[in-house]
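Novice: Here you go, one structure.
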Amino acid sequence: MGTPEHSTTGGPEVSWAGRVAGLAGSCHPGPVVAVTALMTTLAVTAGQGTARAVLTAAAVLTGQLSVGWCNDAFDARRDIAAGRRGKPVVDGTVGVTEVWVAAFAALALCVPLSLACGLWAGAVHLTGVAAAWAYDLRLKATAWSWAPYAMGFAALPAFVALGLPGQPWPAWWVVTAGALLGVGSHLGDVLPDIRGDLATGVRGWPHRLGPDGARLLLPVPLVAASAVLALGPAGPPGRWGVTALAVAGLVAVAGTVLGRRWEPVAFAAAVAVAVVDVALLLLRGTGIA
């Protein structure tokens with residue numbers, strides 16, 4: 001591992017291609033791709049035309065990129081102190097200044113792209129992006145760390161709904177489910193690194209619960225989201241809704257019981273429930289507004 005100075009400024013020996021790869025790795029590419037793909041699919045399912053769906057995808061992509069880069073740039077010194085190898089800034093393949101520039105450039109693109117989807121749609125999406133930046137810069141280490149996740153995840157399907165012809169308001173159940181998924185995602189994101197975070201002084205909401213408390217609570221908002229997605233829309237839930245809710249509940253219970261001995265099982269079960277929630281969201285996509 002390089003020195004903090006090397007890791008935060010980038011070394012001259014790193015090639016241009018290496019820095020581009022490092023920059024790509026610093027944006028948290030997994031969540032960026034997953035969220036962008038999900039919202040693009042939801043936009044198409046909900047009834048957005050091709051051009052509007054592409055615009056929605058571009059706005060979501062730039063917003064997610066800005067948040068991911070902000071997170072890595074702001075956390076660089078703490079990551080170096082914790083010795084978290086595998087992070088490009090820590091390994092010295094890209095400088096923290098370059099990551100900050102990328103974050104602000106993506107944010108600058110996100111603003112006009114979001115507003116091009118409509119004033120209300122853009123305002124809602126940018127509110128969610130601002131909440132995510134607030135998490136990165138301040139709220140991550142407070143008891144309110146869950147709030148930006150809830151707000152950001154609720155804003156995404158609302159953004160898609162408001163981008164439909166006529167700019168209809170999103171249905172209550174899709175916003176509620178989004179917020180619950182956000183809380184569950186926060187717990188899931190923190191759980192693998194919770195002990196290392198505690199060692200470096202991070203005291204967000206899951207950290208205050210402790211590793212065991214966070215693990216036990218993890219499936220609760222995710223299953224609650226399943227229930228809202230299955231039962232919230234008008235009309236009967238249908239066979240698929242009932243089946244999905246039952247599967248989510250059984251997987252959550254199994255993960256909670258087995259996770260007491262094997263912690264990775266609890267995380268894997270939470271991921272499985274989240275997949276069920278995503279499937280339900282797409283299945284209900286035509287009624288989000």
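Just remember, in the structure tokens the first chain shown is A, the second B, etc., residues are 1-based per chain, and ligands are 1-based in the order shown.
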Just the residues within 9 Å of segment 107-119 of chain A, please, counting only C-alpha atoms, with nothing from its chain fewer than 3 positions along; format it as a PyMOL selection string.
Specialist: chain A and resi 52+55-56+58-67+102-104+122-126+129+159+162-164+167
Novice: Can you tell me which residues surround segment 216-233 of chain A at a distance of at most 6 Å, considering only C-alpha atoms, apart from same-chain residues fewer than 4 positions away, and format the answer as a PyMOL selection string?
Specialist: chain A and resi 173+177+180-181+184+187+237+241+245+252+270+277
Novice: Of the residues A:Leu280, A:Trp120, A:Val251, A:Trp146, which is the one nearest to Ala268 of chain A, using only C-alpha atoms?
Specialist: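 Answer, going by the shortest atom-to-atom distance: A:Val251.
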Novice: With distances taken over only C-alpha atoms, which residue among A:Val94, A:Ala154, A:Val271, A:Ala76 lies nearest Ala179 of chain A?
Specialist: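 Of all the options, A:Ala154 lies closest to Ala179 of chain A.
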Novice: Identify all residues of segment 24-156 of chain A in helix (DSSP H, G or I) (DSSP on the backbone) and supply them as a VMD selection string.
Specialist: chain A and resid 24 to 26 29 to 46 50 to 74 76 to 82 88 to 91 96 to 115 119 to 137 139 to 141 146 to 156
Novice: Go ahead and write the residues just picked, C-alpha atoms, as a CSV table (one decimal), in the first residue's frame.
Specialist:
```
chain,number,residue,atom,x,y,z
A,24,ALA,CA,-14.1,3.2,-13.1
A,25,GLY,CA,-13.4,1.1,-10.0
A,26,SER,CA,-13.9,4.1,-7.7
A,29,PRO,CA,-19.6,0.0,-10.4
A,30,GLY,CA,-21.8,-2.8,-9.1
A,31,PRO,CA,-24.5,-0.6,-7.5
A,32,VAL,CA,-24.2,2.0,-10.3
A,33,VAL,CA,-24.9,-0.6,-13.0
A,34,ALA,CA,-27.6,-2.4,-11.0
A,35,VAL,CA,-29.6,0.7,-10.1
A,36,THR,CA,-29.3,2.2,-13.6
A,37,ALA,CA,-30.4,-1.1,-15.2
A,38,LEU,CA,-33.3,-1.5,-12.8
A,39,MET,CA,-34.6,2.1,-13.3
A,40,THR,CA,-34.2,1.8,-17.1
A,41,THR,CA,-36.2,-1.4,-17.1
A,42,LEU,CA,-38.8,0.1,-14.8
A,43,ALA,CA,-39.1,3.1,-17.2
A,44,VAL,CA,-39.7,0.8,-20.1
A,45,THR,CA,-42.2,-1.4,-18.2
A,46,ALA,CA,-44.0,1.7,-16.9
A,50,THR,CA,-37.6,5.0,-26.0
A,51,ALA,CA,-36.2,8.5,-26.0
A,52,ARG,CA,-37.5,9.3,-22.5
A,53,ALA,CA,-36.3,6.0,-21.2
A,54,VAL,CA,-32.8,6.7,-22.5
A,55,LEU,CA,-32.9,10.2,-20.9
A,56,THR,CA,-34.0,8.6,-17.6
A,57,ALA,CA,-31.2,6.1,-17.8
A,58,ALA,CA,-28.6,8.9,-18.4
A,59,ALA,CA,-29.9,11.0,-15.5
A,60,VAL,CA,-29.8,8.0,-13.1
A,61,LEU,CA,-26.4,6.9,-14.4
A,62,THR,CA,-24.8,10.3,-13.9
A,63,GLY,CA,-26.4,10.7,-10.5
A,64,GLN,CA,-25.2,7.3,-9.3
A,65,LEU,CA,-21.7,7.9,-10.7
A,66,SER,CA,-21.5,11.2,-8.8
A,67,VAL,CA,-22.5,9.6,-5.5
A,68,GLY,CA,-20.1,6.7,-5.9
A,69,TRP,CA,-17.1,8.9,-6.7
A,70,CYS,CA,-18.0,11.3,-3.9
A,71,ASN,CA,-18.1,8.4,-1.5
A,72,ASP,CA,-14.7,7.0,-2.4
A,73,ALA,CA,-13.0,10.5,-2.5
A,74,PHE,CA,-14.4,11.6,0.9
A,76,ALA,CA,-10.1,8.0,1.0
A,77,ARG,CA,-8.1,8.8,4.2
A,78,ARG,CA,-10.2,6.6,6.4
A,79,ASP,CA,-9.9,3.7,3.9
A,80,ILE,CA,-6.1,4.2,3.8
A,81,ALA,CA,-6.0,4.2,7.6
A,82,ALA,CA,-8.1,1.0,7.7
A,88,PRO,CA,-8.3,2.3,-6.3
A,89,VAL,CA,-7.6,5.4,-4.3
A,90,VAL,CA,-6.0,3.3,-1.5
A,91,ASP,CA,-3.9,1.3,-4.0
A,96,VAL,CA,-8.4,11.6,-4.8
A,97,THR,CA,-8.4,14.9,-6.7
A,98,GLU,CA,-9.2,13.1,-9.9
A,99,VAL,CA,-12.1,11.3,-8.2
A,100,TRP,CA,-13.5,14.5,-6.9
A,101,VAL,CA,-13.3,16.1,-10.3
A,102,ALA,CA,-15.2,13.1,-11.8
A,103,ALA,CA,-17.8,13.3,-9.0
A,104,PHE,CA,-18.5,17.0,-9.7
A,105,ALA,CA,-18.5,16.5,-13.4
A,106,ALA,CA,-21.1,13.7,-13.2
A,107,LEU,CA,-23.2,15.9,-10.8
A,108,ALA,CA,-23.0,18.8,-13.3
A,109,LEU,CA,-24.3,16.5,-16.1
A,110,CYS,CA,-27.0,15.0,-13.8
A,111,VAL,CA,-28.7,18.3,-13.2
A,112,PRO,CA,-29.7,19.2,-16.8
A,113,LEU,CA,-30.4,15.5,-17.7
A,114,SER,CA,-32.8,15.2,-14.7
A,115,LEU,CA,-34.6,18.5,-15.4
A,119,LEU,CA,-39.4,20.0,-13.7
A,120,TRP,CA,-41.1,17.8,-11.0
A,121,ALA,CA,-39.3,14.7,-12.1
A,122,GLY,CA,-36.0,16.5,-12.1
A,123,ALA,CA,-36.6,18.1,-8.7
A,124,VAL,CA,-37.4,14.7,-7.2
A,125,HIS,CA,-34.4,12.9,-8.7
A,126,LEU,CA,-32.0,15.7,-7.7
A,127,THR,CA,-33.4,15.7,-4.1
A,128,GLY,CA,-32.5,12.0,-4.0
A,129,VAL,CA,-29.0,12.6,-5.3
A,130,ALA,CA,-28.5,15.4,-2.8
A,131,ALA,CA,-29.6,13.1,0.0
A,132,ALA,CA,-27.0,10.6,-1.1
A,133,TRP,CA,-24.3,13.3,-1.2
A,134,ALA,CA,-25.4,14.3,2.3
A,135,TYR,CA,-24.9,10.7,3.4
A,136,ASP,CA,-21.4,10.6,1.9
A,137,LEU,CA,-20.3,13.9,3.4
A,139,LEU,CA,-24.8,11.7,7.7
A,140,LYS,CA,-23.0,8.4,7.2
A,141,ALA,CA,-21.5,8.6,10.7
A,146,TRP,CA,-30.7,5.5,7.2
A,147,ALA,CA,-32.6,8.6,6.1
A,148,PRO,CA,-30.6,9.4,2.9
A,149,TYR,CA,-31.0,5.8,1.8
A,150,ALA,CA,-34.7,5.9,2.3
A,151,MET,CA,-35.1,9.2,0.5
A,152,GLY,CA,-32.8,8.3,-2.4
A,153,PHE,CA,-34.4,4.9,-3.0
A,154,ALA,CA,-37.9,6.4,-2.8
A,155,ALA,CA,-37.0,9.1,-5.2
A,156,LEU,CA,-35.9,6.7,-8.0
```
Novice: Identify which of the residues A:Val175, A:Ala17, A:Leu283, A:Leu191 lies closest to Ala214 of chain A, counting only C-alpha atoms when measuring atom-to-atom distances.
Specialist: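 Among the listed residues, A:Leu191 lies closest to Ala214 of chain A.
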Novice: Return the single residue from A:Thr176, A:Thr200, A:Trp144, A:Arg19 that is closest to Asp75 of chain A, with distances computed using only C-alpha atoms.
Specialist: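 Between A:Thr176, A:Thr200, A:Trp144, A:Arg19, the residue approaching Asp75 of chain A most closely is A:Thr200.
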